[in-house]
$ cat target-v4.cif   # mmCIF, C-alpha atoms
data_upload
#
loop_
_atom_site.label_atom_id
_atom_site.label_comp_id
_atom_site.auth_asym_id
_atom_site.auth_seq_id
_atom_site.Cartn_x
_atom_site.Cartn_y
_atom_site.Cartn_z
CA MET T 40 -35.50 11.17 8.25
CA SER T 41 -36.71 9.29 11.22
CA ILE T 42 -33.79 6.89 11.30
CA THR T 43 -32.03 7.01 14.65
CA PHE T 44 -28.33 7.00 15.38
CA LYS T 45 -28.59 3.63 17.09
CA GLU T 46 -30.37 2.14 14.15
CA GLN T 47 -27.78 3.52 11.74
CA ALA T 48 -24.99 2.09 13.86
CA ARG T 49 -26.65 -1.32 13.95
CA GLN T 50 -27.31 -1.28 10.21
CA GLY T 51 -23.83 -0.16 9.23
CA ILE T 52 -21.78 -2.29 11.56
CA TRP T 53 -23.81 -5.47 11.73
CA ASP T 54 -27.10 -6.01 9.85
CA ASN T 55 -26.06 -4.40 6.62
CA ASN T 56 -22.30 -4.88 7.00
CA ILE T 57 -20.55 -4.08 3.76
CA VAL T 58 -18.62 -7.36 3.68
CA PHE T 59 -20.58 -9.79 5.81
CA SER T 60 -23.99 -8.95 4.38
CA GLN T 61 -23.47 -7.13 1.11
CA ARG T 62 -20.33 -9.06 0.07
CA LEU T 63 -18.83 -5.89 -1.39
CA ALA T 64 -15.31 -4.51 -1.19
CA LEU T 65 -13.70 -7.95 -1.26
CA CYS T 66 -10.81 -6.87 -3.48
CA PRO T 67 -9.11 -4.48 -1.03
CA LEU T 68 -10.21 -6.75 1.81
CA LEU T 69 -8.27 -9.79 0.65
CA ALA T 70 -5.28 -7.76 -0.48
CA VAL T 71 -4.47 -5.97 2.78
CA THR T 72 -5.56 -8.31 5.55
CA GLY T 73 -2.25 -10.16 5.88
CA THR T 74 -1.89 -8.53 9.30
CA ALA T 75 -4.36 -6.93 11.71
CA THR T 76 -2.41 -3.66 11.61
CA ASN T 77 -2.72 -3.34 7.85
CA GLY T 78 -6.42 -4.10 8.13
CA LEU T 79 -6.86 -1.37 10.73
CA GLY T 80 -4.98 1.18 8.63
CA MET T 81 -6.94 0.40 5.50
CA GLY T 82 -10.20 0.38 7.46
CA LEU T 83 -9.60 3.80 9.01
CA ALA T 84 -8.55 5.31 5.67
CA THR T 85 -11.68 3.92 4.02
CA THR T 86 -13.87 5.18 6.88
CA GLY T 87 -12.47 8.68 6.46
CA VAL T 88 -13.14 8.63 2.73
CA LEU T 89 -16.64 7.18 3.23
CA MET T 90 -17.55 9.97 5.64
CA ALA T 91 -16.08 12.75 3.54
CA SER T 92 -17.58 11.51 0.28
CA GLY T 93 -20.96 10.89 1.93
CA MET T 94 -21.04 14.45 3.24
CA ALA T 95 -19.92 15.95 -0.08
CA VAL T 96 -22.47 13.95 -2.05
CA SER T 97 -25.24 14.82 0.39
CA LEU T 98 -24.33 18.50 0.24
CA LEU T 99 -24.61 18.50 -3.54
CA ARG T 100 -27.55 16.12 -3.79
CA LYS T 101 -30.09 18.81 -4.66
CA SER T 102 -28.03 20.40 -7.42
CA VAL T 103 -26.81 17.23 -9.14
CA PRO T 104 -29.32 16.06 -11.75
CA GLN T 105 -30.11 12.37 -12.07
CA ASP T 106 -28.38 12.00 -15.46
CA VAL T 107 -24.91 13.07 -14.38
CA ARG T 108 -24.93 11.83 -10.81
CA ILE T 109 -22.57 8.88 -11.40
CA PRO T 110 -19.72 10.93 -12.96
CA SER T 111 -20.22 13.59 -10.28
CA PHE T 112 -20.00 11.06 -7.45
CA ILE T 113 -16.97 9.36 -9.02
CA LEU T 114 -15.27 12.74 -9.35
CA ILE T 115 -15.94 13.56 -5.69
CA ILE T 116 -14.73 10.17 -4.47
CA ALA T 117 -11.62 10.20 -6.65
CA THR T 118 -10.68 13.68 -5.45
CA ILE T 119 -11.01 12.74 -1.81
CA VAL T 120 -9.06 9.51 -2.25
CA THR T 121 -6.25 11.33 -4.02
CA LEU T 122 -6.06 13.89 -1.22
CA VAL T 123 -5.91 11.09 1.36
CA ASP T 124 -3.21 9.39 -0.70
CA MET T 125 -1.06 12.54 -0.75
CA ALA T 126 -1.63 13.28 2.93
CA LEU T 127 -0.68 9.75 3.99
CA ASN T 128 2.41 9.83 1.81
CA ALA T 129 3.54 13.10 3.36
CA TRP T 130 2.62 12.70 7.01
CA MET T 131 2.30 8.96 7.69
CA HIS T 132 4.99 7.76 5.37
CA GLU T 133 5.81 4.47 7.13
CA LEU T 134 2.20 3.38 6.92
CA TYR T 135 2.02 4.63 3.37
CA LYS T 136 4.84 2.28 2.41
CA VAL T 137 2.65 -0.60 3.57
CA LEU T 138 -0.74 0.62 2.34
CA GLY T 139 0.39 2.88 -0.49
CA LEU T 140 -0.49 0.42 -3.19
CA PHE T 141 -4.01 -0.02 -1.86
CA ILE T 142 -5.06 3.55 -1.10
CA PRO T 143 -5.80 4.35 -4.76
CA LEU T 144 -7.84 1.14 -4.78
CA ILE T 145 -10.33 2.80 -2.42
CA VAL T 146 -11.69 4.52 -5.54
CA THR T 147 -12.63 1.15 -6.96
CA ASN T 148 -14.18 0.08 -3.67
CA CYS T 149 -17.80 -0.17 -4.77
CA SER T 150 -19.02 0.44 -1.23
CA LEU T 151 -18.23 4.13 -1.73
CA LEU T 152 -20.29 4.59 -4.86
CA GLY T 153 -22.85 2.22 -3.39
CA ARG T 154 -23.34 4.37 -0.29
CA ALA T 155 -23.25 7.60 -2.29
CA GLU T 156 -25.99 6.28 -4.54
CA ALA T 157 -28.08 4.38 -2.03
CA PHE T 158 -27.83 6.66 0.97
CA ALA T 159 -26.00 9.98 0.74
CA SER T 160 -27.82 11.19 -2.39
CA LYS T 161 -31.13 10.86 -0.54
CA ASN T 162 -30.30 11.93 3.01
CA SER T 163 -29.11 14.90 5.02
CA VAL T 164 -25.44 15.73 5.54
CA ARG T 165 -25.53 14.66 9.17
CA HIS T 166 -27.12 11.30 8.46
CA SER T 167 -24.75 10.72 5.56
CA ALA T 168 -21.74 11.39 7.77
CA ILE T 169 -23.06 8.95 10.37
CA ASP T 170 -23.80 6.41 7.65
CA GLY T 171 -20.27 6.73 6.29
CA LEU T 172 -18.82 6.38 9.78
CA MET T 173 -20.87 3.28 10.59
CA ILE T 174 -20.38 1.53 7.26
CA GLY T 175 -16.68 2.35 7.59
CA LEU T 176 -16.49 1.00 11.12
CA GLY T 177 -18.25 -2.15 9.96
CA PHE T 178 -15.66 -2.52 7.21
CA THR T 179 -12.84 -1.83 9.67
CA LEU T 180 -14.21 -4.46 12.02
CA VAL T 181 -14.11 -7.11 9.28
CA LEU T 182 -10.64 -6.03 8.15
CA VAL T 183 -9.20 -6.20 11.67
CA VAL T 184 -10.85 -9.52 12.56
CA LEU T 185 -9.86 -11.12 9.28
CA GLY T 186 -6.37 -9.63 9.53
CA ALA T 187 -6.00 -10.95 13.08
CA VAL T 188 -7.13 -14.46 12.12
CA ARG T 189 -4.79 -14.59 9.13
CA GLU T 190 -1.90 -13.11 11.06
CA ILE T 191 -2.21 -15.53 13.99
CA ILE T 192 -2.51 -18.59 11.76
CA GLY T 193 -0.16 -17.34 9.06
CA SER T 194 2.71 -15.88 11.05
CA GLY T 195 1.95 -16.47 14.72
CA THR T 196 1.85 -12.80 15.71
CA LEU T 197 -0.86 -10.21 16.35
CA PHE T 198 -0.72 -6.52 15.46
CA ALA T 199 2.83 -6.73 14.15
CA ASN T 200 4.19 -3.24 13.32
CA ALA T 201 1.32 -1.57 15.18
CA SER T 202 3.73 1.22 16.14
CA LEU T 203 4.07 2.19 12.46
CA LEU T 204 0.37 2.95 12.37
CA LEU T 205 -0.37 4.31 15.82
CA GLY T 206 3.00 5.55 17.04
CA ASP T 207 5.48 4.05 19.50
CA LEU T 208 2.98 4.33 22.35
CA PHE T 209 1.07 1.43 20.90
CA SER T 210 3.94 -0.97 20.37
CA PHE T 211 2.57 -2.97 23.33
CA LEU T 212 -0.20 -4.17 20.99
CA THR T 213 2.27 -6.35 19.13
CA ILE T 214 2.05 -9.83 20.60
CA THR T 215 3.78 -13.01 19.57
CA ILE T 216 1.05 -15.61 19.94
CA ILE T 217 3.04 -18.64 18.87
CA PRO T 218 6.80 -18.37 19.55
CA ASP T 219 9.20 -19.91 17.01
CA TYR T 220 6.34 -20.37 14.57
CA LYS T 221 7.39 -21.46 11.11
CA GLY T 222 4.41 -19.74 9.49
CA PHE T 223 1.53 -21.06 7.42
CA LEU T 224 1.95 -19.71 3.91
CA LEU T 225 -1.62 -20.36 2.74
CA PHE T 226 -3.04 -17.88 5.22
CA ILE T 227 -0.64 -15.14 4.26
CA LEU T 228 -1.70 -15.46 0.61
CA PRO T 229 -5.13 -14.29 -0.64
CA PRO T 230 -6.68 -17.81 -0.85
CA GLY T 231 -6.26 -18.09 2.93
CA GLY T 232 -8.12 -14.81 3.21
CA PHE T 233 -10.99 -16.27 1.21
CA ILE T 234 -11.14 -19.36 3.38
CA ALA T 235 -11.01 -17.36 6.60
CA LEU T 236 -13.67 -14.96 5.29
CA GLY T 237 -15.94 -17.92 4.52
CA PHE T 238 -15.67 -19.13 8.09
CA LEU T 239 -16.30 -15.63 9.44
CA ILE T 240 -19.47 -15.22 7.35
CA ALA T 241 -20.66 -18.65 8.41
CA GLY T 242 -20.00 -17.65 12.02
CA LYS T 243 -22.05 -14.48 11.61
CA HIS T 244 -24.96 -16.44 10.15
CA TYR T 245 -24.79 -18.93 12.97
CA LEU T 246 -24.84 -16.13 15.53
CA GLU T 247 -27.80 -14.44 13.84
CA GLU T 248 -29.70 -17.69 13.61
CA TYR T 249 -29.06 -18.30 17.28
CA MET T 250 -30.18 -14.79 18.25
CA LYS T 251 -33.27 -15.06 16.05
CA ASN T 252 -34.34 -18.31 17.64
CA ARG T 253 -33.85 -16.84 21.06
CA THR T 254 -35.89 -13.70 20.35
CA ALA T 255 -38.54 -15.70 18.56
CA ALA T 256 -38.83 -18.01 21.52
CA SER T 257 -39.09 -15.23 24.07
CA LYS T 258 -41.04 -12.56 22.23
CA ASN T 259 -42.44 -14.26 19.17
CA ALA T 260 -41.48 -11.12 17.28
CA PRO T 261 -40.51 -11.28 13.61
CA VAL T 262 -36.96 -10.30 12.73
CA VAL T 263 -36.52 -8.47 9.46
CA PHE T 264 -33.21 -8.57 7.67
CA ASP T 265 -32.65 -5.55 5.57
CA ARG T 266 -30.24 -6.05 2.73
CA ILE T 267 -29.44 -3.32 0.28
CA ALA T 268 -27.35 -4.56 -2.59
CA PRO T 269 -26.39 -1.85 -5.07
CA SER T 270 -26.03 -3.04 -8.63
CA GLY T 271 -22.56 -3.84 -9.86
CA ALA T 272 -19.73 -5.54 -8.07
CA ASP T 273 -16.02 -5.05 -7.46
CA MET B 278 -34.11 30.89 0.23
CA ARG B 279 -37.24 29.97 -1.65
CA ARG B 280 -36.33 32.31 -4.46
CA GLY B 281 -32.86 30.77 -4.71
CA ALA B 282 -34.43 27.35 -4.83
CA SER B 283 -36.76 28.34 -7.63
CA ILE B 284 -33.91 29.84 -9.66
CA LEU B 285 -32.04 26.59 -9.18
CA GLN B 286 -35.13 24.74 -10.33
CA THR B 287 -35.38 26.71 -13.59
CA MET B 288 -31.63 26.35 -14.12
CA LYS B 289 -31.84 22.62 -13.66
CA GLU B 290 -34.37 22.30 -16.45
CA LYS B 291 -32.03 23.82 -19.04
CA PRO B 292 -30.23 21.13 -21.08
CA VAL B 293 -26.87 22.83 -20.59
CA TYR B 294 -27.11 22.61 -16.81
CA PRO B 295 -25.48 19.16 -16.36
CA ALA B 296 -22.51 20.24 -18.48
CA ILE B 297 -22.00 23.42 -16.45
CA LEU B 298 -22.33 21.48 -13.23
CA LEU B 299 -19.79 18.86 -14.27
CA GLY B 300 -17.45 21.62 -15.42
CA LEU B 301 -17.72 23.44 -12.10
CA LEU B 302 -17.23 20.23 -10.15
CA SER B 303 -14.14 19.41 -12.21
CA LEU B 304 -12.74 22.88 -11.58
CA LEU B 305 -13.36 22.49 -7.88
CA ALA B 306 -11.70 19.07 -7.87
CA ALA B 307 -8.72 20.39 -9.80
CA GLY B 308 -8.37 23.27 -7.35
CA LEU B 309 -8.48 20.95 -4.34
CA LEU B 310 -5.97 18.56 -5.85
CA GLY B 311 -3.66 21.39 -6.82
CA GLY B 312 -3.78 22.75 -3.29
CA GLY B 313 -3.19 19.29 -1.86
CA ASN B 314 -0.25 18.74 -4.13
CA LEU B 315 1.29 22.10 -3.22
CA SER B 316 1.02 21.48 0.50
CA THR B 317 2.39 17.93 0.44
CA ARG B 318 4.95 18.07 -2.37
CA GLU B 319 7.93 19.22 -0.28
CA GLU B 320 7.17 16.81 2.51
CA ILE B 321 6.79 13.85 0.14
CA LYS B 322 10.06 14.73 -1.57
CA ARG B 323 11.80 14.84 1.82
CA ARG B 324 10.33 11.48 2.80
CA LEU B 325 11.39 9.81 -0.43
CA GLU B 326 14.91 11.21 -0.07
CA GLU B 327 15.02 9.86 3.47
CA ASP B 328 13.96 6.42 2.22
CA LEU B 329 16.73 6.53 -0.34
CA ARG B 330 19.29 7.64 2.24
CA ILE B 331 18.30 4.78 4.53
CA SER B 332 18.62 2.18 1.80
CA ILE B 333 22.01 3.52 0.70
CA ALA B 334 23.19 3.57 4.31
CA GLN B 335 22.50 -0.17 4.47
CA VAL B 336 25.16 -0.92 1.87
CA VAL B 337 27.63 1.93 2.38
CA PRO B 338 29.02 1.96 5.95
CA GLU B 339 28.73 5.30 7.71
CA ASP B 340 32.46 5.60 8.48
CA LEU B 341 33.41 5.14 4.84
CA HIS B 342 32.15 8.50 3.64
CA ASP B 343 31.86 12.10 4.81
CA ASN B 344 29.71 13.39 1.95
CA ASN B 345 26.02 13.28 1.08
CA LEU B 346 25.71 10.44 -1.43
CA ILE B 347 22.43 11.68 -2.80
CA GLN B 348 24.09 14.94 -3.80
CA SER B 349 27.09 13.34 -5.46
CA SER B 350 25.14 11.22 -7.87
CA PHE B 351 24.76 11.04 -11.62
CA VAL B 352 22.82 9.00 -14.15
CA MET B 353 24.30 6.59 -16.67
CA ASN B 354 23.31 3.41 -18.44
CA GLY B 355 23.66 0.84 -15.71
CA PRO B 356 23.69 -2.94 -15.58
CA GLY B 357 21.07 -4.23 -17.98
CA GLY B 358 21.32 -1.06 -20.08
CA LEU B 359 18.73 0.90 -18.08
CA PRO B 360 19.47 4.46 -16.96
CA THR B 361 20.66 4.08 -13.38
CA VAL B 362 21.54 6.58 -10.68
CA ILE B 363 25.09 6.13 -9.41
CA TYR B 364 25.88 7.31 -5.88
CA GLN B 365 29.47 8.06 -4.98
CA GLY B 366 30.65 7.84 -1.39
CA MET B 367 33.70 10.00 -0.75
CA ARG B 368 36.02 10.51 2.17
CA ASN B 369 38.53 13.36 2.18
CA GLY B 370 37.80 13.96 -1.50
CA LYS B 371 38.57 10.39 -2.56
CA ILE B 372 35.97 7.90 -3.73
CA THR B 373 35.53 5.08 -1.25
CA ALA B 374 32.30 3.51 -2.43
CA VAL B 375 30.04 3.40 -5.48
CA ALA B 376 26.41 2.43 -4.99
CA TYR B 377 23.77 1.68 -7.61
CA SER B 378 20.67 -0.41 -8.00
CA VAL B 379 20.36 -3.58 -10.02
CA ILE B 380 17.06 -4.97 -11.27
CA SER B 381 16.42 -8.65 -11.77
CA TYR B 382 13.36 -10.79 -12.37
CA GLY B 383 12.61 -13.55 -9.91
CA TYR B 384 9.80 -16.03 -9.56
CA SER B 385 7.02 -13.45 -9.60
CA GLY B 386 8.26 -10.13 -10.89
CA LYS B 387 10.84 -7.48 -10.37
CA ILE B 388 13.44 -7.67 -7.63
CA ASP B 389 14.95 -4.27 -6.88
CA THR B 390 18.41 -4.58 -5.35
CA ILE B 391 20.93 -1.97 -4.25
CA MET B 392 24.61 -2.80 -4.09
CA ALA B 393 27.78 -0.93 -3.18
CA VAL B 394 31.31 -1.68 -4.39
CA ASP B 395 34.64 -0.32 -3.13
CA PRO B 396 37.25 1.09 -5.58
CA GLU B 397 38.92 -2.34 -5.85
CA GLY B 398 35.69 -3.93 -7.01
CA LYS B 399 34.94 -5.70 -3.74
CA ILE B 400 31.30 -5.78 -2.65
CA LEU B 401 30.55 -3.63 0.41
CA GLY B 402 26.99 -4.80 0.68
CA VAL B 403 23.88 -5.95 -1.14
CA ARG B 404 20.26 -5.38 -0.04
CA VAL B 405 16.93 -6.15 -1.64
CA LEU B 406 14.81 -2.99 -1.66
CA SER B 407 11.56 -4.41 -2.99
CA HIS B 408 10.29 -7.66 -4.41
CA THR B 409 7.10 -9.68 -4.78
CA GLU B 410 8.53 -13.16 -4.20
CA THR B 411 6.54 -15.79 -2.32
CA PRO B 412 6.36 -15.04 1.42
CA GLY B 413 8.04 -17.79 3.41
CA LEU B 414 10.02 -19.14 0.45
CA GLY B 415 11.60 -16.56 -1.81
CA ASP B 416 11.53 -13.72 0.72
CA LYS B 417 14.67 -15.06 2.43
CA ILE B 418 16.53 -12.63 0.18
CA GLU B 419 15.44 -9.90 2.62
CA ALA B 420 18.04 -9.08 5.24
CA SER B 421 15.32 -9.06 7.91
CA LYS B 422 14.30 -12.66 7.13
CA SER B 423 17.65 -14.35 6.58
CA ASP B 424 21.32 -13.38 6.48
CA TRP B 425 21.75 -14.94 3.05
CA VAL B 426 22.11 -11.58 1.32
CA LEU B 427 24.86 -10.54 3.77
CA GLY B 428 26.99 -13.32 2.32
CA PHE B 429 27.79 -11.17 -0.70
CA SER B 430 29.84 -8.69 1.34
CA GLY B 431 33.56 -8.95 0.63
CA LEU B 432 33.15 -10.95 -2.57
CA SER B 433 34.39 -9.79 -5.96
CA LEU B 434 34.63 -11.04 -9.53
CA ASP B 435 37.78 -13.03 -8.66
CA ALA B 436 36.58 -14.47 -5.39
CA PRO B 437 34.74 -16.65 -6.04
CA PRO B 438 35.88 -17.05 -9.68
CA ALA B 439 33.45 -15.97 -12.39
CA GLU B 440 32.15 -19.48 -13.12
CA GLN B 441 31.32 -19.92 -9.44
CA TRP B 442 28.87 -16.99 -9.51
CA ALA B 443 25.81 -19.25 -9.45
CA VAL B 444 23.71 -21.13 -6.91
CA LYS B 445 24.98 -24.53 -5.71
CA LYS B 446 22.34 -26.33 -7.74
CA ASP B 447 23.98 -24.89 -10.87
CA GLY B 448 27.44 -25.83 -9.62
CA GLY B 449 28.19 -22.44 -8.09
CA HIS B 450 29.16 -20.96 -4.76
CA PHE B 451 25.84 -19.66 -3.39
CA ASP B 452 23.20 -21.45 -1.35
CA GLN B 453 19.71 -21.70 -2.72
CA PHE B 454 16.70 -21.91 -0.39
CA SER B 455 14.75 -25.09 0.11
CA GLY B 456 11.77 -24.76 -2.18
CA ALA B 457 13.05 -21.67 -3.93
CA THR B 458 15.89 -21.71 -6.44
CA ILE B 459 14.68 -19.18 -8.98
CA THR B 460 14.75 -16.25 -6.56
CA PRO B 461 18.35 -16.61 -5.29
CA ARG B 462 19.47 -17.49 -8.81
CA ALA B 463 18.06 -14.17 -10.04
CA VAL B 464 19.72 -12.21 -7.24
CA VAL B 465 23.11 -13.88 -7.79
CA LYS B 466 22.90 -13.13 -11.48
CA ALA B 467 21.95 -9.52 -10.77
CA VAL B 468 24.87 -8.99 -8.39
CA LYS B 469 27.23 -10.57 -10.92
CA SER B 470 25.96 -8.22 -13.63
CA GLY B 471 26.47 -5.34 -11.21
CA LEU B 472 30.11 -6.37 -10.77
CA ASP B 473 30.59 -6.74 -14.52
CA PHE B 474 29.15 -3.27 -14.91
CA PHE B 475 31.62 -1.89 -12.39
CA GLN B 476 34.55 -3.63 -14.11
CA LYS B 477 33.57 -2.24 -17.49
CA ASN B 478 32.91 1.35 -16.34
CA LYS B 479 35.51 1.61 -13.61
CA ASP B 480 37.07 4.83 -14.93
CA LYS B 481 33.83 6.75 -15.08
CA LEU B 482 32.48 5.34 -11.83
CA LEU B 483 35.63 6.29 -9.94
CA THR B 484 35.78 9.85 -11.26
CA PRO B 485 34.07 12.21 -8.81
CA VAL B 486 30.91 13.61 -10.36
CA THR B 487 32.21 17.15 -9.84
CA GLU B 488 35.20 16.39 -12.10
CA GLN B 489 33.24 14.68 -14.83
CA ILE B 490 33.00 16.72 -18.02
CA ALA B 491 29.49 18.04 -18.37
CA GLY B 492 27.57 16.56 -21.27
CA SER B 493 29.70 13.43 -21.64
CA SER B 494 27.87 10.20 -21.18
CA SER B 495 28.58 6.58 -21.88
#
$ encode --input "target-v4.cif" --output "structure tokens"
Amino acid sequence: MSITFKEQARQGIWDNNIVFSQRLALCPLLAVTGTATNGLGMGLATTGVLMASGMAVSLLRKSVPQDVRIPSFILIIATIVTLVDMALNAWMHELYKVLGLFIPLIVTNCSLLGRAEAFASKNSVRHSAIDGLMIGLGFTLVLVVLGAVREIIGSGTLFANASLLLGDLFSFLTITIIPDYKGFLLFILPPGGFIALGFLIAGKHYLEEYMKNRTAASKNAPVVFDRIAPSGAD
Amino acid sequence: MRRGASILQTMKEKPVYPAILLGLLSLLAAGLLGGGNLSTREEIKRRLEEDLRISIAQVVPEDLHDNNLIQSSFVMNGPGGLPTVIYQGMRNGKITAVAYSVISYGYSGKIDTIMAVDPEGKILGVRVLSHTETPGLGDKIEASKSDWVLGFSGLSLDAPPAEQWAVKKDGGHFDQFSGATITPRAVVKAVKSGLDFFQKNKDKLLTPVTEQIAGSSS
């Protein structure tokens, strides 16, 4: 593969972002992004699973025949998610109490099967690990930004309970943006997540349009948008 | 290497190959999960017990007991007829508190409540353990959001009188929240049923679990 690390990073985090560009993984996205901390926790857990499943799938790609690849990939992903679920429950119990309900949902996150099918089954272990990391970081980015927007508008704080996720050292992250805020219920509930996500996607398009015009003006070079949309949806 | 690859190639062409592969993968997955379960089981059990201890400690004051409530517990048909774990708080061998959970159904699903009662039937405390009520409206039943639920402490079936065990909107003693009546109504009803349960099963509830005759159940 001639694909470079930089290119993979750009693809995974921005150009081919799992939420912003592919519009996948919306179900866990809307469910957990009530606060930025929850988004970060879910994002990191998903990144770990994406990397591990990408590597496992890539390792087995030559011995798994085409006909049984889907059940094999599902089996690999489900095993890894279950292990993560047990590990979080045992060693990060406070976070588990917040995210516990959503960890098993990672299995149904179609980005995992999507990446296994579209990337890991065709590429080397190293590239698959990097792909998983980058796609995961892209997902984490969206989760944290969306969580932050909803948390600020919905409850007037930012990174509430960050110490549960990152330890007491990081309790400084918790900021009260609007003191004595009564809260805005709509943004705590999933519809607010949808609305905020719409604005974020629009913002991304605006930014891209702006960048494109600028490059086109200076270099006159064509900009190609690469979108890979695996079949099936959440 | 090349030879291994060619063996793999011939293997792959056999129709039985996918079945063997799936079988091996399943075995591997089962092994991994079994190992994971073994190495986390004890820790998870400890964590869950700790959770339970913390929630019981919210309703049974520390200075009221010198025993481990989780150890002096037994199961019986609780309020609502469901099997419920009863925790007995004891001090110097005498029962000072009985704690158990009560389930009710609010605006959007189950509300899990734990309550503790002293031997005279007076409420020591009530806390909501889990619920899915509307954030900002019904979630004022949480002690961290509002002190409404603390208002149950010290009450009993006689004070306020039985017909006053309702929200103000229904002519009772308890405040409802603006915009949410169904949630507090459900909690009040649940606590009342918990008190009725205590009244009806007083003898059994106030017999230390170590002295209860094995095999007898209500």
$ closest_atom_pairs --input "target-v4.cif" --of "chain B" --to "chain T" --cutoff "9 Å" --atoms "all atoms listed in the file" --output "CSV"
residue,atom,partner,partner_atom,distance
B:Leu285,CA,T:Ser102,CA,7.6
B:Gln286,CA,T:Ser102,CA,8.8
B:Lys289,CA,T:Pro104,CA,7.3
B:Tyr294,CA,T:Pro104,CA,8.6
B:Pro295,CA,T:Val107,CA,6.4
B:Ala296,CA,T:Val107,CA,8.6
B:Leu298,CA,T:Val103,CA,7.4
B:Leu299,CA,T:Ser111,CA,6.6
B:Leu302,CA,T:Ser111,CA,7.3
B:Ser303,CA,T:Leu114,CA,7.3
B:Ala306,CA,T:Thr118,CA,6.0
B:Ala307,CA,T:Thr118,CA,8.2
B:Leu309,CA,T:Thr118,CA,7.7
B:Leu310,CA,T:Leu122,CA,6.6
B:Gly313,CA,T:Leu122,CA,6.1
B:Asn314,CA,T:Met125,CA,7.1
B:Ser316,CA,T:Ala126,CA,9.0
B:Thr317,CA,T:Ala129,CA,5.8
B:Arg318,CA,T:Ala129,CA,7.7
B:Glu319,CA,T:Ala129,CA,8.4
B:Glu320,CA,T:Ala129,CA,5.3
B:Ile321,CA,T:Ala129,CA,4.6
B:Lys322,CA,T:Ala129,CA,8.3
B:Arg323,CA,T:Ala129,CA,8.6
B:Arg324,CA,T:His132,CA,7.0
B:Leu325,CA,T:His132,CA,8.9
B:Thr411,CA,T:Leu224,CA,8.7
B:Pro412,CA,T:Leu224,CA,6.9
B:Gly413,CA,T:Leu224,CA,6.4
B:Leu414,CA,T:Leu224,CA,8.8
$ write_last_selection --input "target-v4.cif" --atoms "C-alpha atoms" --output "mmCIF file, in the coordinates of the input"
data_model
loop_
_atom_site.group_PDB
_atom_site.id
_atom_site.type_symbol
_atom_site.label_atom_id
_atom_site.label_comp_id
_atom_site.auth_asym_id
_atom_site.auth_seq_id
_atom_site.Cartn_x
_atom_site.Cartn_y
_atom_site.Cartn_z
ATOM 1 C CA LEU B 285 -32.040 26.590 -9.180
ATOM 2 C CA GLN B 286 -35.130 24.740 -10.330
ATOM 3 C CA LYS B 289 -31.840 22.620 -13.660
ATOM 4 C CA TYR B 294 -27.110 22.610 -16.810
ATOM 5 C CA PRO B 295 -25.480 19.160 -16.360
ATOM 6 C CA ALA B 296 -22.510 20.240 -18.480
ATOM 7 C CA LEU B 298 -22.330 21.480 -13.230
ATOM 8 C CA LEU B 299 -19.790 18.860 -14.270
ATOM 9 C CA LEU B 302 -17.230 20.230 -10.150
ATOM 10 C CA SER B 303 -14.140 19.410 -12.210
ATOM 11 C CA ALA B 306 -11.700 19.070 -7.870
ATOM 12 C CA ALA B 307 -8.720 20.390 -9.800
ATOM 13 C CA LEU B 309 -8.480 20.950 -4.340
ATOM 14 C CA LEU B 310 -5.970 18.560 -5.850
ATOM 15 C CA GLY B 313 -3.190 19.290 -1.860
ATOM 16 C CA ASN B 314 -0.250 18.740 -4.130
ATOM 17 C CA SER B 316 1.020 21.480 0.500
ATOM 18 C CA THR B 317 2.390 17.930 0.440
ATOM 19 C CA ARG B 318 4.950 18.070 -2.370
ATOM 20 C CA GLU B 319 7.930 19.220 -0.280
ATOM 21 C CA GLU B 320 7.170 16.810 2.510
ATOM 22 C CA ILE B 321 6.790 13.850 0.140
ATOM 23 C CA LYS B 322 10.060 14.730 -1.570
ATOM 24 C CA ARG B 323 11.800 14.840 1.820
ATOM 25 C CA ARG B 324 10.330 11.480 2.800
ATOM 26 C CA LEU B 325 11.390 9.810 -0.430
ATOM 27 C CA THR B 411 6.540 -15.790 -2.320
ATOM 28 C CA PRO B 412 6.360 -15.040 1.420
ATOM 29 C CA GLY B 413 8.040 -17.790 3.410
ATOM 30 C CA LEU B 414 10.020 -19.140 0.450
#
$ resolve_selection --input "target-v4.cif" --expression "the PyMOL selection byres ((chain B and resi 350-362) around 10)" --output "JSON, numbers by chain"
{"B": [345, 346, 347, 348, 349, 363, 364, 365, 366, 375, 376, 377, 378, 379, 380, 381, 467, 468, 469, 470, 471, 472, 473, 474, 475, 478, 481, 482, 485, 486, 487, 489, 494, 495]}
$ atom_distance --input "target-v4.cif" --atom1 "CA of Leu79 in chain T" --atom2 "CA of Gly237 in chain T"
19.9 Å
$ residues_around --input "target-v4.cif" --residues "range 176-184 of chain T" --least-positions-apart "6" --cutoff "10 Å" --atoms "all atoms listed in the file" --output "ChimeraX atom specification"
/T:48-59,63-64,67-69,71-87,150,170,190,198,235-236,239-240
$ atom_distance --input "target-v4.cif" --atom1 "CA of Arg462 in chain B" --atom2 "CA of Ile418 in chain B"
10.6 Å
